[in-house]
file query_28.cif (mmCIF, C-alpha atoms and all ligand atoms)
data_model
#
loop_
_atom_site.label_atom_id
_atom_site.label_comp_id
_atom_site.auth_asym_id
_atom_site.auth_seq_id
_atom_site.Cartn_x
_atom_site.Cartn_y
_atom_site.Cartn_z
CA MET O 713 117.77 126.63 91.72
CA LEU O 714 121.00 125.03 90.52
CA THR O 715 121.56 123.91 86.96
CA ARG O 716 122.24 120.24 86.51
CA ARG O 717 125.92 120.91 85.93
CA GLU O 718 126.22 123.04 89.07
CA PHE O 719 124.35 120.40 91.00
CA VAL O 720 126.65 117.60 89.86
CA LEU O 721 129.71 119.76 90.48
CA SER O 722 128.56 120.57 93.99
CA MET O 723 127.89 116.91 94.64
CA GLY O 724 131.32 116.00 93.33
CA ALA O 725 133.00 118.69 95.38
CA LEU O 726 131.13 117.53 98.42
CA ALA O 727 132.24 113.95 98.00
CA GLY O 728 135.77 114.94 97.11
CA ALA O 729 136.19 117.37 99.97
CA SER O 730 134.88 115.06 102.63
CA GLY O 731 136.52 111.91 101.30
CA ALA O 732 134.81 108.63 100.60
CA LEU O 733 134.71 107.64 104.25
CA ALA O 734 132.84 110.68 105.53
CA CYS O 735 129.08 110.76 105.39
CA PRO O 736 127.99 113.39 102.89
CA ALA O 737 125.10 115.73 103.47
CA PRO O 738 121.77 114.61 101.95
CA LEU O 739 122.35 114.18 98.24
CA SER O 740 119.06 115.59 97.08
CA ASN O 741 118.24 118.92 95.54
CA GLY O 742 114.55 119.20 94.86
CA LYS O 743 113.72 116.85 92.00
CA LYS O 744 117.35 115.82 91.53
CA HIS O 745 119.10 113.23 93.60
CA ALA O 746 122.54 111.68 93.61
CA VAL O 747 123.81 108.26 94.55
CA LEU O 748 127.53 107.93 95.17
CA MET O 749 129.42 104.88 93.96
CA LEU O 750 132.03 104.26 96.65
CA ASN O 751 134.91 101.88 97.38
CA ALA O 752 133.93 101.79 101.05
CA ALA O 753 130.83 102.59 103.04
CA CYS O 754 130.42 106.07 104.32
CA GLY O 755 131.48 105.97 107.98
CA ASN O 756 132.44 102.29 107.83
CA PRO O 757 135.62 101.40 105.88
CA ASP O 758 135.08 97.71 106.68
CA ILE O 759 132.18 97.54 104.21
CA PRO O 760 133.64 97.69 100.69
CA ASN O 761 131.86 98.71 97.47
CA VAL O 762 128.60 100.45 98.20
CA PHE O 763 125.99 102.75 96.77
CA GLU O 764 125.34 105.71 99.07
CA PRO O 765 122.51 105.96 99.85
CA ALA O 766 121.62 102.30 99.23
CA LEU O 767 117.93 102.97 99.82
CA LEU O 768 116.53 106.12 98.28
CA HIS O 769 112.98 107.46 98.01
CA VAL O 770 112.16 109.84 95.16
CA ASP O 771 108.99 111.33 93.71
CA ILE O 772 107.55 110.45 90.31
CA GLY O 773 109.44 112.40 87.64
CA ASP O 774 112.56 112.89 89.76
CA SER O 775 116.00 112.04 88.44
CA VAL O 776 118.90 110.24 90.09
CA THR O 777 122.51 110.72 89.01
CA PHE O 778 124.92 107.93 89.80
CA LEU O 779 128.23 109.64 90.54
CA ALA O 780 131.52 107.87 89.91
CA THR O 781 132.94 109.22 93.16
CA ASP O 782 135.35 106.28 93.27
CA ALA O 783 136.56 104.46 90.17
CA GLY O 784 135.59 100.99 88.99
CA HIS O 785 131.82 100.99 89.49
CA ASN O 786 128.67 101.21 87.41
CA SER O 787 124.94 101.18 87.91
CA ALA O 788 122.58 98.83 86.10
CA SER O 789 118.95 98.08 86.83
CA LYS O 790 118.35 94.51 87.99
CA LYS O 791 116.14 92.44 85.71
CA GLY O 792 112.89 91.53 87.46
CA MET O 793 113.34 94.22 90.09
CA ILE O 794 111.88 97.21 88.25
CA PRO O 795 108.19 97.98 87.66
CA GLU O 796 106.52 96.78 84.50
CA GLY O 797 106.74 99.42 81.79
CA ALA O 798 109.84 101.05 83.29
CA ALA O 799 112.99 101.41 81.21
CA ALA O 800 116.04 99.39 82.20
CA TRP O 801 119.45 101.07 82.38
CA ASN O 802 123.02 99.88 82.19
CA GLY O 803 125.69 102.49 82.85
CA GLY O 804 129.26 102.07 81.71
CA LEU O 805 132.13 101.70 84.13
CA ASP O 806 132.83 105.08 85.77
CA GLU O 807 129.94 106.62 83.87
CA GLU O 808 128.05 109.45 85.49
CA LEU O 809 124.59 108.29 84.58
CA THR O 810 121.35 110.16 85.15
CA VAL O 811 118.11 108.18 85.20
CA GLU O 812 114.67 109.78 85.24
CA PHE O 813 111.97 107.85 87.08
CA THR O 814 108.49 108.24 85.63
CA VAL O 815 106.99 104.87 86.57
CA PRO O 816 106.19 104.40 90.29
CA GLY O 817 107.49 101.35 92.11
CA ILE O 818 110.61 99.68 93.43
CA TYR O 819 113.81 99.62 91.39
CA GLY O 820 116.65 97.29 92.30
CA HIS O 821 120.02 98.25 90.86
CA ILE O 822 123.45 96.70 90.95
CA CYS O 823 127.10 97.41 90.22
CA LEU O 824 128.09 94.68 87.77
CA PRO O 825 131.74 94.27 88.93
CA HIS O 826 130.67 94.11 92.59
CA TYR O 827 127.27 92.43 92.41
CA ASP O 828 128.61 89.34 94.23
CA TRP O 829 130.11 91.63 96.88
CA GLY O 830 126.69 93.06 97.59
CA MET O 831 127.05 96.42 95.84
CA VAL O 832 123.33 96.84 95.23
CA GLY O 833 120.68 99.39 95.98
CA LEU O 834 117.00 100.21 95.93
CA ILE O 835 115.24 103.28 94.61
CA VAL O 836 111.57 103.68 95.45
CA VAL O 837 109.51 105.99 93.28
CA GLY O 838 106.34 107.59 94.60
CA ARG O 839 106.33 105.46 97.80
CA ASP O 840 104.81 102.73 95.60
CA LEU O 841 105.59 99.16 96.68
CA HIS O 842 103.33 97.35 94.20
CA ASN O 843 106.19 95.22 92.85
CA LEU O 844 107.66 94.36 96.27
CA GLN O 845 106.68 90.69 96.17
CA THR O 846 108.03 90.31 92.62
CA ALA O 847 111.28 92.00 93.60
CA LYS O 848 111.66 89.74 96.64
CA LYS O 849 111.53 86.62 94.47
CA ILE O 850 114.62 87.51 92.44
CA ARG O 851 117.66 85.42 93.34
CA HIS O 852 121.11 86.92 93.80
CA PRO O 853 124.66 85.65 94.09
CA GLY O 854 127.01 86.01 97.06
CA SER O 855 126.52 88.95 99.39
CA ALA O 856 123.93 90.55 97.12
CA ARG O 857 121.36 88.12 98.50
CA LYS O 858 121.77 89.40 102.06
CA VAL O 859 122.11 93.07 101.15
CA PHE O 860 118.97 93.06 98.98
CA ARG O 861 117.08 91.12 101.67
CA ASN O 862 118.08 93.70 104.30
CA LEU O 863 117.20 96.64 102.08
CA LEU O 864 113.80 95.17 101.24
CA LYS O 865 113.20 94.48 104.95
CA GLU O 866 114.19 98.04 105.81
CA LEU O 867 111.76 99.27 103.17
CA GLU O 868 108.92 97.14 104.56
CA ASN O 869 109.65 98.40 108.07
CA GLN O 870 109.31 101.98 106.89
CA THR O 871 105.70 101.44 105.92
CU CU B 901 131.11 98.55 92.27
#
call {"tool": "encode", "arguments": {"input": "query_28.cif", "output": "structure tokens"}}
result
Amino acid sequence: MLTRREFVLSMGALAGASGALACPAPLSNGKKHAVLMLNAACGNPDIPNVFEPALLHVDIGDSVTFLATDAGHNSASKKGMIPEGAAAWNGGLDEELTVEFTVPGIYGHICLPHYDWGMVGLIVVGRDLHNLQTAKKIRHPGSARKVFRNLLKELENQT
């Protein structure tokens, strides 16, 4: 069992050693998960500004650390796209933020500087899709519309 610090260090080393363009190994360690904030998609440099993974399933009570692998990104929950009763979050630029997920459901999150570019992601807690229809109704600017639509479609296809 790794401590949180060791876990984050290993995640950072992993991302650093392989470079932003390589696909990292699964970024989960038991109840702890990591999402990389990247300037370009893993394995596809033509897609700029991404969360990796963009769609992540975790169990109730798990935590997710958003790692500032590349500079200039943040993670913030998207209003209307988190379950009722869940706490919103809004990380600072380049902040390594850890969020604990105790309320089951779908969580949409965005990078504020690159929201228009489609730097968005979904975290699903406890395989619970009760707020799927609510989340689908939220409107988004620019490329975020398409990326969220594709992620939500991918999620629906998994079930
Ligand atoms: Cu960004």
call {"tool": "closest_residue", "arguments": {"input": "query_28.cif", "among": "O:Leu864, O:Cys754, O:Val762, O:Val859", "to": "ligand CU 901 (chain B)", "atoms": "all atoms listed in the file"}}
result
O:Val762
call {"tool": "residues_near_ligand", "arguments": {"input": "query_28.cif", "ligand": "ligand CU 901 (chain B)", "cutoff": "6 Å", "atoms": "all atoms listed in the file", "output": "count of residues only"}}
result
6
call {"tool": "atom_distance", "arguments": {"input": "query_28.cif", "atom1": "CA of Glu812 (chain O)", "atom2": "CA of Leu768 (chain O)"}}
result
13.7 Å
call {"tool": "residues_around", "arguments": {"input": "query_28.cif", "residues": "Phe778 (chain O)", "least_positions_apart": "2", "cutoff": "9 Å", "atoms": "all atoms listed in the file", "output": "list in words"}}
result
His745, Ala746, Val747, Leu748, Met749, Phe763, Val776, Ala780, Thr781, Asn786, Ser787, Gly803, Glu807, Glu808, Leu809, Thr810 and Val811 of chain O
call {"tool": "residues_around", "arguments": {"input": "query_28.cif", "residues": "Leu767 (chain O)", "least_positions_apart": "2", "cutoff": "7 Å", "atoms": "only C-alpha atoms", "output": "PDB file with C-alpha atoms, keeping the file's coordinate frame"}}
result
ATOM      1  CA  PRO O 765     122.510 105.960  99.850  1.00  0.00           C
ATOM      2  CA  HIS O 769     112.980 107.460  98.010  1.00  0.00           C
ATOM      3  CA  GLY O 833     120.680  99.390  95.980  1.00  0.00           C
ATOM      4  CA  LEU O 834     117.000 100.210  95.930  1.00  0.00           C
ATOM      5  CA  ILE O 835     115.240 103.280  94.610  1.00  0.00           C
ATOM      6  CA  LEU O 863     117.200  96.640 102.080  1.00  0.00           C
TER       7      LEU O 863
END
call {"tool": "atom_distance", "arguments": {"input": "query_28.cif", "atom1": "CA of Gly820 (chain O)", "atom2": "CA of Val832 (chain O)"}}
result
7.3 Å
call {"tool": "atom_distance", "arguments": {"input": "query_28.cif", "atom1": "CA of Ser740 (chain O)", "atom2": "CA of Thr814 (chain O)"}}
result
17.2 Å
call {"tool": "closest_residue", "arguments": {"input": "query_28.cif", "among": "O:Thr777, O:Asn751, O:Thr871, O:Asn741", "to": "Leu841 (chain O)", "atoms": "only C-alpha atoms"}}
result
O:Thr871
call {"tool": "residues_near_point", "arguments": {"input": "query_28.cif", "point": "(104.5, 99.8, 81.4)", "cutoff": "12 Å", "atoms": "only C-alpha atoms", "output": "compact mmCIF listing (two decimals) with C-alpha atoms, in the coordinates of the input"}}
result
# COMPACT_ATOMS: atom_id res chain seq x y z
CA ILE O 794 111.88 97.21 88.25
CA PRO O 795 108.19 97.98 87.66
CA GLU O 796 106.52 96.78 84.50
CA GLY O 797 106.74 99.42 81.79
CA ALA O 798 109.84 101.05 83.29
CA ALA O 799 112.99 101.41 81.21
CA ALA O 800 116.04 99.39 82.20
CA THR O 814 108.49 108.24 85.63
CA VAL O 815 106.99 104.87 86.57
CA PRO O 816 106.19 104.40 90.29
CA GLY O 817 107.49 101.35 92.11
call {"tool": "residues_near_point", "arguments": {"input": "query_28.cif", "point": "(123.7, 91.4, 97.7)", "cutoff": "7 Å", "atoms": "all atoms listed in the file", "output": "VMD selection string"}}
result
chain O and resid 827 to 832 852 to 860
call {"tool": "closest_residue", "arguments": {"input": "query_28.cif", "among": "O:Ala783, O:Leu805, O:Leu739, O:Met793", "to": "Leu844 (chain O)", "atoms": "only C-alpha atoms"}}
result
O:Met793
